[in-house]
Each structure stands twice: as C-alpha cells, then as structure tokens.
Protein chains: 2
Amino acid sequence: MKGKILLAEDEISLGEIIKESLDSRGFLVEHVACGKKAIEVFKSFSPDIVVLDIMMPHKDGFEVSREIRMLDRNVPIIFLTAKNRTQDVIDGFENGANDFIKKPFSMEELIVRINSHLRISKINFEQQWVSIGKYKFNFEHQILDLHGKETTLTYKESLLLNELIKKRNQVLDRSYILNLVWGTDDFFSARSMDVFITKIRKYLKDDPLIKIVNIRGIGYKLVV
Amino acid sequence: MKGKILLAEDEISLGEIIKESLDSRGFLVEHVACGKKAIEVFKSFSPDIVVLDIMMPHKDGFEVSREIRMLDRNVPIIFLTAKNRTQDVIDGFENGANDFIKKPFSMEELIVRINSHLRISKINFEQQWVSIGKYKFNFEHQILDLHGKETTLTYKESLLLNELIKKRNQVLDRSYILNLVWGTDDFFSARSMDVFITKIRKYLKDDPLIKIVNIRGIGYKLVV
DNA sequence: CGGAAGATTTAACACTGGTTAACACTGCAT
DNA sequence: ATGCAGTGTTAACCAGTGTTAAATCTTCCG
C-alpha cells in the first residue's frame, strides 16, 4: 500500500472515479462527501495526505483545511478548485494548503502531485537516530555519535551496523548478512566480513555493555 | 510601482482610460493597439502581467497569447472579451489564458483580477525555490541561497545539484548522472563529475546536516 | 592434550574517489 | 584583434575504502 488518502469530494460520481483510480494504483482511499465527515474520518483514519474539494456542503474546503491544520500541521493538503476561481488559490494558501489542482484535471496529474507530496513528508519523517547503548546511530548520514563525538562510517560499515542494530539481541546468520551487505556468500566476502566485524567492534568499544558476540559456525549477535 | 502591465486594446480611447486608471493605482502600463506591436513590446518591456483584447487588427488575442506563451510560460494573461460564448473561453484557455473579463467591466473588477494574478505568480515564483536543509535552491535561476546570501551556480553545477535534490535520500547511479548531465558515460566525464561533486560539497558545507554520500562503485546519495 | 576448523586481528594491496591546479574553450568588453 | 573572466575538462597526486593475505588466537572434540 503506497499511502492512505482522504478524499473529500461532494460530487459522488466524480469522487468514486477518483477513488477507484487511486485504489488501482495501490493507494488506500477513504472517500467522504462533505466537510463535516472529512474531519471525523481524518481523526480515525489518519491519512498520509488529504485531497479536498473547495466547494462542499456544511463545511467548505477552507474550513476543513483550517481544522485539519490544527490537528496536524504537517499532513499535505491538496485542493481541487474550479478553473477560474483564482481568489481560491490565495485563500487556500492562507488556510494551510500545500498544492492546488484545477478542475478539470487528469488522473496522471493528481497522482504525480500525490506522489511528490508523499515523498516529501516521508523524507521529513525519516530523519531519525537510533540509540544503541551510549551511542546514537544515523544510518542515512552514516554517523555514529558518542556524547557528541561523531564518527563517520563508510557505506559498508553502516550497512552492516544497521543490520546488527535492526536485529539487536537476535542471532544473524553469516550468510544472511553476506547476502544482504555483500550480495554474495563466498569465501572472500566472508573473510571481508570478519574484517568489518572487527572494525565495528572497535567503533563500539567505548560502551562495555555493547558486544558483538560470535556464535561459532552460525553468525553474530549484537547484544546491548 | 506595483507591477508592469502590458495592455493590448485596439479601441484607443478605451485603452487610454484603462491605462490612466491603472497608472493612478501605481501600476506601470504600456498600451499598444494591435497584436503585432504587443509581441514587440512584450519582448522589450518584460511585463509582469498581460491584458489582451481578443479582437484586434493583424493578430487577434489568441494568436498573441500563443506567441507570448512560447516566450514565457508563466506570465499571467487576462483576456478582455465582448463575447460571452463558451467556445471562446475554451479556445482562450487552450491558448494559454489565465483569466477572462467580459466587456463591459468595471475598473474595480479588472484591478482585483490583476492583483490576484500578481499574487499567484508571486506564489508560483516562490515555489520555484526548493528547500534543502538551511539552503534554498532555484534551478531556473541557478541560485543557491543561504539565509539571503546568494551564490550563482554554473549551468552544470545546477543540473547536477538539481538531480541530487530531486532524488534526495536515494542512491543515484554514477552512469545515471553521467548520462543525464554529461550525456555520455566515459572515463573523462566520470572524472569531471568527481570534480563537480567536490564543488557542490563546498557550496553545501555550511549545513552540516547535508551530505553527499559516496557509495563506492555505485554512485552518490544526497542526504538531508 | 593435540590438532583442526573457525574466528580475530593486523597489515599490505588494489582500486575508486577527492582535491587541487593547470589548461582549453567560449563569450564578452575594451 | 586583444585581453579578460567564467566555465568545464584534463591531469596529477593524495586519501579513503574494501579485499586479500597471513599470522595468531579460540573453541571444539577425539
């Protein structure tokens, strides 16, 4: 599933067409037909992205967008707007919209915009550090941090450490690591891995509670 | 001065009235009376917005609008039309119009629309900027901005940075970049790319959270 | 206890990538 | 034309990365 989408569109038939089209592309879509329902569903469904028609009964798109922004100031909101309503665009941005699509629009256009917004918010979310004993590790940046003292790891070192951390306190099979990090499971790669284990042990030596233990003939286990 | 307006209106007296009215509101207006002249003036005057009468001698508004769109695909174009036929509106949008105003119209109406479009194009202009860590990057203008301090990049630098940003946090294959930016994938282009990566790293060095990570033998990844 | 296999560690090595500077080419102004 | 500034390429040298080799240590089991 590529993402959860809340679609608020009061023209039922149009809404269903959009929903089906997005469904078939691997999105999970909740379709509501008025603004009031949109807020309710937003709370229970926690969508990754919101697509709002501006003109809807009970609550219009702007009103909905303002309320959603109070619940979640990050979720991307795309407005659907009639072609010649230029003032809408201005009002929309002021009410927290991220993007506008003018009706009529092609499904391709909508999907492109949805994907780009999902990617952006995913990126913002993925900025994360993992704690491991006294250390913090950032896989994306390949940085190992001990009380503010940063060490930059190489790519392969990061890959290996990342796997160990992801399955900490579990035994990792030698061939599992080899296939994942080296892509092959042969004699030389295995020797290479031994060298990398040594390197990582050195990096982690300042916390005596962290250990990479060898299970003879099987593999390794990172214990914390 | 609130903005430069190119006004093409063949009824001289009406044109002058509009011009004076806009002048007095703080706009800078060039008034031309035929389509041919409109294109000429467009090139030299670089208006922020274009107001076109549809019915004009030599070249009609649609023709002018099409030519302007080839020169500048962003400048807002407002049509003035005596007709109220749906087909004209459709033709107009297909030829790149942003808005229509039916004659007769009040000056207030025209001014409101002009202001809206100027605000929208300002918004659109601002959307050309992509945020990347502490920086903002404008690909079209090849400008990298750090807290108002602007650096102008060269064309190739921009191309490369743009690709890295577009696929931030993803690994870009060396040959993918080479084909896209250099058009070839040979030894010398590859070395050249290495030099450019160094240059871009220097440009981005003031945000320690931004990194261009090398994946040995594979390619690069811009992480934020 | 002794030997074999596996694991660890260090170092040498090959190769890729990083950095700097010289160079060639282009467009521009004098 | 001549010189100048900017852009991108080539070259040379250096640093970083991962692989291979070899020496040593550990564990297991007869």
# chains A, B, ... in the order shown; residues from 1 in each chain; ligands from 1
>>> calpha_fit_rmsd(fixed="chain B", moving="chain A")
15.0 Å
>>> closest_atom_pairs(of="chain C", to="chain B", cutoff="10 Å", atoms="only C-alpha atoms (C1' of nucleotides)", output="tab-separated table")
residue	atom	partner	partner_atom	distance
C:DC15	C1'	B:Gly217	CA	9.9
C:DT16	C1'	B:Arg216	CA	6.9
C:DG17	C1'	B:Asp194	CA	7.2
C:DG18	C1'	B:Thr198	CA	7.1
C:DT19	C1'	B:Thr198	CA	7.6
C:DT20	C1'	B:Val195	CA	9.7
>>> interface_residues(of="chain A", to="chain D", cutoff="10 Å", atoms="only C-alpha atoms (C1' of nucleotides)", output="ChimeraX atom specification")
/A:154-156,188-189,191-192,195-196,216
>>> write_last_selection(atoms="N, CA and C atoms", output="short mmCIF file (atom, residue, chain, number, x, y, z; two decimals), in the first residue's frame")
data_model
loop_
_atom_site.label_atom_id
_atom_site.label_comp_id
_atom_site.auth_asym_id
_atom_site.auth_seq_id
_atom_site.Cartn_x
_atom_site.Cartn_y
_atom_site.Cartn_z
N THR A 154 31.98 4.28 6.92
CA THR A 154 31.89 4.09 5.47
C THR A 154 30.54 3.43 5.17
N TYR A 155 30.25 3.36 3.89
CA TYR A 155 28.96 2.84 3.47
C TYR A 155 28.73 1.40 3.94
N LYS A 156 29.72 0.55 3.72
CA LYS A 156 29.55 -0.86 4.08
C LYS A 156 29.49 -1.03 5.59
N PHE A 188 35.71 -15.28 0.10
CA PHE A 188 36.39 -14.00 0.27
C PHE A 188 35.49 -12.94 0.92
N SER A 189 34.24 -12.93 0.51
CA SER A 189 33.32 -11.99 1.16
C SER A 189 33.23 -12.28 2.65
N ARG A 191 35.58 -13.57 4.56
CA ARG A 191 36.79 -13.03 5.21
C ARG A 191 36.64 -11.52 5.38
N SER A 192 36.11 -10.88 4.33
CA SER A 192 35.93 -9.43 4.37
C SER A 192 34.99 -9.04 5.51
N VAL A 195 36.63 -8.89 8.79
CA VAL A 195 37.38 -7.65 8.98
C VAL A 195 36.44 -6.52 9.41
N PHE A 196 35.28 -6.47 8.78
CA PHE A 196 34.34 -5.40 9.12
C PHE A 196 33.79 -5.56 10.53
N ARG A 216 29.67 -19.51 16.99
CA ARG A 216 30.57 -20.30 16.15
C ARG A 216 29.81 -21.13 15.12
#
>>> closest_atom_pairs(of="chain B", to="chain A", cutoff="8 Å", atoms="only C-alpha atoms", output="CSV")
residue,atom,partner,partner_atom,distance
B:Asn98,CA,A:Asn84,CA,7.8
B:Asp99,CA,A:Asn84,CA,6.5
B:Ser116,CA,A:Gln87,CA,6.4
B:His117,CA,A:Thr86,CA,7.4
B:Arg119,CA,A:Ile90,CA,7.6
B:Ile120,CA,A:Ile90,CA,6.9
B:Asn169,CA,A:Glu140,CA,7.5
B:Lys211,CA,A:His141,CA,7.0
B:Val213,CA,A:His141,CA,7.6
B:Asn214,CA,A:Tyr155,CA,7.6
B:Ile215,CA,A:Tyr155,CA,6.1
B:Arg216,CA,A:Tyr155,CA,7.7
B:Val223,CA,A:His141,CA,6.5
B:Val224,CA,A:Gln127,CA,7.8
>>> write_last_selection(atoms="all heavy atoms", output="tab-separated table (two decimals), in the first residue's frame")
chain	number	residue	atom	x	y	z
B	98	ASN	N	-5.09	32.87	-18.61
B	98	ASN	CA	-5.31	32.55	-17.21
B	98	ASN	C	-6.69	33.02	-16.74
B	98	ASN	O	-7.21	32.51	-15.77
B	98	ASN	CB	-4.25	33.24	-16.34
B	98	ASN	CG	-2.87	32.75	-16.64
B	98	ASN	OD1	-2.19	33.29	-17.50
B	98	ASN	ND2	-2.47	31.69	-15.96
B	99	ASP	N	-7.24	34.01	-17.43
B	99	ASP	CA	-8.49	34.59	-16.94
B	99	ASP	C	-9.21	35.34	-18.06
B	99	ASP	O	-8.61	35.71	-19.05
B	99	ASP	CB	-8.17	35.56	-15.79
B	99	ASP	CG	-9.32	35.64	-14.80
B	99	ASP	OD1	-10.43	35.14	-15.13
B	99	ASP	OD2	-9.11	36.19	-13.72
B	116	SER	N	-4.90	39.65	-8.02
B	116	SER	CA	-4.90	38.21	-7.74
B	116	SER	C	-3.81	37.50	-8.52
B	116	SER	O	-3.05	36.72	-7.98
B	116	SER	CB	-6.22	37.56	-8.14
B	116	SER	OG	-7.27	38.19	-7.51
B	117	HIS	N	-3.76	37.80	-9.82
B	117	HIS	CA	-2.79	37.09	-10.66
B	117	HIS	C	-1.37	37.44	-10.27
B	117	HIS	O	-0.48	36.58	-10.30
B	117	HIS	CB	-3.05	37.38	-12.12
B	117	HIS	CG	-4.20	36.62	-12.67
B	117	HIS	ND1	-4.13	35.27	-12.91
B	117	HIS	CD2	-5.46	37.00	-12.99
B	117	HIS	CE1	-5.31	34.86	-13.36
B	117	HIS	NE2	-6.14	35.89	-13.42
B	119	ARG	N	-0.38	38.12	-7.31
B	119	ARG	CA	-0.10	37.37	-6.09
B	119	ARG	C	0.16	35.91	-6.40
B	119	ARG	O	1.07	35.30	-5.85
B	119	ARG	CB	-1.27	37.48	-5.10
B	119	ARG	CG	-1.35	38.85	-4.46
B	119	ARG	CD	-2.43	38.89	-3.42
B	119	ARG	NE	-2.13	38.04	-2.26
B	119	ARG	CZ	-2.95	37.95	-1.22
B	119	ARG	NH1	-4.08	38.62	-1.19
B	119	ARG	NH2	-2.62	37.17	-0.21
B	120	ILE	N	-0.67	35.35	-7.30
B	120	ILE	CA	-0.47	33.95	-7.65
B	120	ILE	C	0.89	33.74	-8.30
B	120	ILE	O	1.62	32.81	-7.95
B	120	ILE	CB	-1.58	33.44	-8.59
B	120	ILE	CG1	-2.90	33.39	-7.82
B	120	ILE	CG2	-1.24	32.06	-9.13
B	120	ILE	CD1	-4.09	33.26	-8.73
B	169	ASN	N	18.09	11.51	-0.72
B	169	ASN	CA	17.98	10.31	0.09
B	169	ASN	C	17.80	9.04	-0.73
B	169	ASN	O	17.40	8.01	-0.21
B	169	ASN	CB	16.85	10.44	1.11
B	169	ASN	CG	17.14	11.53	2.12
B	169	ASN	OD1	18.29	11.95	2.28
B	169	ASN	ND2	16.13	12.01	2.79
B	211	LYS	N	24.67	16.11	3.35
B	211	LYS	CA	25.86	15.36	2.98
B	211	LYS	C	25.67	14.73	1.61
B	211	LYS	O	24.59	14.24	1.31
B	211	LYS	CB	26.07	14.26	4.01
B	211	LYS	CG	27.44	14.24	4.60
B	211	LYS	CD	27.54	13.14	5.60
B	211	LYS	CE	28.55	13.47	6.67
B	211	LYS	NZ	28.42	12.59	7.81
B	213	VAL	N	26.84	11.59	0.04
B	213	VAL	CA	27.50	10.35	0.43
B	213	VAL	C	27.87	9.56	-0.82
B	213	VAL	O	27.07	9.45	-1.74
B	213	VAL	CB	26.54	9.49	1.29
B	213	VAL	CG1	27.19	8.19	1.66
B	213	VAL	CG2	26.13	10.26	2.53
B	214	ASN	N	29.08	9.06	-0.82
B	214	ASN	CA	29.51	8.21	-1.93
B	214	ASN	C	29.26	6.75	-1.59
B	214	ASN	O	29.57	6.31	-0.49
B	214	ASN	CB	31.00	8.44	-2.21
B	214	ASN	CG	31.54	7.41	-3.18
B	214	ASN	OD1	32.24	6.48	-2.79
B	214	ASN	ND2	31.19	7.56	-4.43
B	215	ILE	N	28.69	6.03	-2.52
B	215	ILE	CA	28.59	4.60	-2.38
B	215	ILE	C	29.54	3.99	-3.40
B	215	ILE	O	29.29	4.00	-4.59
B	215	ILE	CB	27.16	4.08	-2.56
B	215	ILE	CG1	26.29	4.54	-1.40
B	215	ILE	CG2	27.12	2.56	-2.58
B	215	ILE	CD1	25.51	5.75	-1.69
B	216	ARG	N	30.64	3.54	-2.85
B	216	ARG	CA	31.77	3.10	-3.67
B	216	ARG	C	31.34	2.15	-4.78
B	216	ARG	O	30.72	1.13	-4.53
B	216	ARG	CB	32.80	2.43	-2.75
B	216	ARG	CG	34.12	2.13	-3.36
B	216	ARG	CD	34.97	1.36	-2.37
B	216	ARG	NE	36.13	0.78	-3.00
B	216	ARG	CZ	37.27	1.42	-3.16
B	216	ARG	NH1	37.41	2.65	-2.72
B	216	ARG	NH2	38.29	0.82	-3.76
B	223	VAL	N	21.97	13.27	1.24
B	223	VAL	CA	21.13	13.07	2.42
B	223	VAL	C	20.95	14.39	3.15
B	223	VAL	O	21.85	15.22	3.20
B	223	VAL	CB	21.70	11.99	3.38
B	223	VAL	CG1	21.62	10.63	2.77
B	223	VAL	CG2	23.12	12.31	3.79
B	224	VAL	N	19.75	14.56	3.68
B	224	VAL	CA	19.42	15.79	4.39
B	224	VAL	C	18.96	15.45	5.79
B	224	VAL	O	18.16	14.54	5.96
B	224	VAL	CB	18.30	16.56	3.68
B	224	VAL	CG1	18.09	17.90	4.35
B	224	VAL	CG2	18.66	16.76	2.23
>>> atom_distance(atom1="CA of Tyr176 in chain B", atom2="CA of Pro208 in chain B")
26.3 Å
>>> select_by_dssp(residues="range 11-219 of chain B", states="helix (DSSP H, G or I)", output="tab-separated table (two decimals) with C-alpha atoms, in the first residue's frame")
chain	number	residue	atom	x	y	z
B	12	ILE	CA	-7.63	53.75	-28.46
B	13	SER	CA	-9.88	55.77	-26.20
B	14	LEU	CA	-10.90	52.79	-24.07
B	15	GLY	CA	-7.27	51.74	-23.86
B	16	GLU	CA	-6.21	55.13	-22.63
B	17	ILE	CA	-8.91	55.20	-20.00
B	18	ILE	CA	-7.77	51.81	-18.67
B	19	LYS	CA	-4.14	52.87	-18.79
B	20	GLU	CA	-4.74	56.07	-16.84
B	21	SER	CA	-6.83	54.25	-14.31
B	22	LEU	CA	-4.14	51.63	-13.73
B	23	ASP	CA	-1.38	54.26	-13.74
B	24	SER	CA	-3.14	56.07	-10.94
B	35	GLY	CA	-1.31	42.32	-31.73
B	36	LYS	CA	1.89	42.73	-33.71
B	37	LYS	CA	3.04	45.62	-31.55
B	38	ALA	CA	2.09	43.63	-28.43
B	39	ILE	CA	4.69	40.95	-29.15
B	40	GLU	CA	7.39	43.52	-29.81
B	41	VAL	CA	6.67	45.40	-26.61
B	42	PHE	CA	6.40	42.16	-24.66
B	43	LYS	CA	9.99	41.34	-25.53
B	44	SER	CA	11.43	44.71	-24.57
B	45	PHE	CA	9.14	45.60	-21.67
B	61	GLY	CA	-5.67	37.99	-28.84
B	62	PHE	CA	-5.44	34.20	-29.18
B	63	GLU	CA	-2.59	34.44	-31.64
B	64	VAL	CA	-0.74	36.90	-29.43
B	65	SER	CA	-1.30	34.78	-26.36
B	66	ARG	CA	0.10	31.73	-28.10
B	67	GLU	CA	3.25	33.59	-29.09
B	68	ILE	CA	3.70	35.05	-25.64
B	69	ARG	CA	3.41	31.57	-24.13
B	70	MET	CA	6.29	30.46	-26.29
B	71	LEU	CA	8.41	33.26	-24.88
B	86	THR	CA	-18.27	29.21	-24.04
B	87	GLN	CA	-16.20	28.19	-27.04
B	88	ASP	CA	-14.20	31.42	-26.88
B	89	VAL	CA	-13.35	30.77	-23.27
B	90	ILE	CA	-12.22	27.25	-24.10
B	91	ASP	CA	-10.12	28.50	-27.02
B	92	GLY	CA	-8.63	31.08	-24.73
B	93	PHE	CA	-7.57	28.59	-22.08
B	94	GLU	CA	-6.08	26.35	-24.72
B	107	MET	CA	-12.18	49.09	-13.31
B	108	GLU	CA	-12.52	47.60	-9.84
B	109	GLU	CA	-13.10	44.19	-11.35
B	110	LEU	CA	-10.04	44.46	-13.56
B	111	ILE	CA	-7.86	45.65	-10.71
B	112	VAL	CA	-8.98	42.84	-8.41
B	113	ARG	CA	-8.12	40.26	-11.04
B	114	ILE	CA	-4.77	41.83	-11.80
B	115	ASN	CA	-3.86	41.85	-8.14
B	116	SER	CA	-4.90	38.21	-7.74
B	117	HIS	CA	-2.79	37.09	-10.66
B	118	LEU	CA	0.20	39.04	-9.48
B	119	ARG	CA	-0.10	37.37	-6.09
B	120	ILE	CA	-0.47	33.95	-7.65
B	121	SER	CA	2.51	34.36	-9.90
B	122	LYS	CA	4.47	35.57	-6.92
B	123	ILE	CA	3.46	32.36	-5.14
B	124	ASN	CA	4.36	30.30	-8.18
B	125	PHE	CA	7.64	32.11	-8.41
B	126	GLU	CA	8.38	31.33	-4.83
B	127	GLN	CA	7.56	27.70	-5.49
B	155	TYR	CA	24.80	25.52	-15.55
B	156	LYS	CA	26.34	22.11	-14.99
B	157	GLU	CA	26.55	22.65	-11.26
B	158	SER	CA	22.83	23.43	-11.25
B	159	LEU	CA	21.96	20.41	-13.34
B	160	LEU	CA	23.86	18.11	-11.03
B	161	LEU	CA	22.56	19.68	-7.83
B	162	ASN	CA	19.04	19.60	-9.20
B	163	GLU	CA	19.23	15.87	-9.86
B	164	LEU	CA	20.66	15.22	-6.42
B	165	ILE	CA	17.89	17.24	-4.80
B	166	LYS	CA	15.15	15.68	-6.91
B	174	ARG	CA	27.06	7.12	-11.47
B	175	SER	CA	26.08	6.27	-15.00
B	176	TYR	CA	22.59	7.66	-14.46
B	177	ILE	CA	24.01	11.04	-13.51
B	178	LEU	CA	26.57	10.92	-16.28
B	179	ASN	CA	24.01	10.22	-18.95
B	180	LEU	CA	21.65	12.85	-17.63
B	181	VAL	CA	24.10	15.67	-17.03
B	182	TRP	CA	27.00	14.89	-19.37
B	187	PHE	CA	36.20	7.84	-18.16
B	188	PHE	CA	36.78	11.56	-18.56
B	189	SER	CA	33.19	12.58	-17.91
B	190	ALA	CA	33.31	10.46	-14.79
B	191	ARG	CA	36.40	12.29	-13.55
B	192	SER	CA	34.75	15.57	-14.40
B	193	MET	CA	31.76	14.57	-12.34
B	194	ASP	CA	34.02	13.87	-9.37
B	195	VAL	CA	35.29	17.43	-9.66
B	196	PHE	CA	31.74	18.78	-9.72
B	197	ILE	CA	30.78	16.73	-6.69
B	198	THR	CA	33.65	18.37	-4.84
B	199	LYS	CA	32.41	21.80	-5.92
B	200	ILE	CA	28.86	21.12	-4.78
B	201	ARG	CA	30.07	19.76	-1.46
B	202	LYS	CA	31.88	23.06	-0.95
B	203	TYR	CA	28.74	25.03	-1.74
>>> atom_distance(atom1="CA of Val130 in chain A", atom2="CA of Arg168 in chain A")
11.7 Å
>>> select_by_dssp(residues="range 34-66 of chain B", states="strand (DSSP E)", output="ChimeraX atom specification")
/B:49-53
>>> write_last_selection(atoms="N, CA, C and O atoms", output="short mmCIF file (atom, residue, chain, number, x, y, z; two decimals), in the first residue's frame")
data_model
loop_
_atom_site.label_atom_id
_atom_site.label_comp_id
_atom_site.auth_asym_id
_atom_site.auth_seq_id
_atom_site.Cartn_x
_atom_site.Cartn_y
_atom_site.Cartn_z
N ILE B 49 2.40 41.14 -16.16
CA ILE B 49 1.09 40.62 -16.49
C ILE B 49 0.67 41.21 -17.83
O ILE B 49 1.09 42.31 -18.19
N VAL B 50 -0.15 40.45 -18.58
CA VAL B 50 -0.58 40.90 -19.90
C VAL B 50 -2.10 40.94 -19.95
O VAL B 50 -2.76 39.98 -19.53
N VAL B 51 -2.65 42.03 -20.42
CA VAL B 51 -4.09 42.15 -20.61
C VAL B 51 -4.36 42.30 -22.11
O VAL B 51 -3.88 43.25 -22.73
N LEU B 52 -5.07 41.33 -22.68
CA LEU B 52 -5.25 41.28 -24.13
C LEU B 52 -6.71 41.38 -24.52
O LEU B 52 -7.54 40.61 -24.03
N ASP B 53 -7.00 42.30 -25.43
CA ASP B 53 -8.30 42.28 -26.09
C ASP B 53 -8.28 41.13 -27.09
O ASP B 53 -7.23 40.84 -27.69
#
>>> atom_distance(atom1="CA of Gly219 in chain B", atom2="CA of Val171 in chain B")
6.5 Å
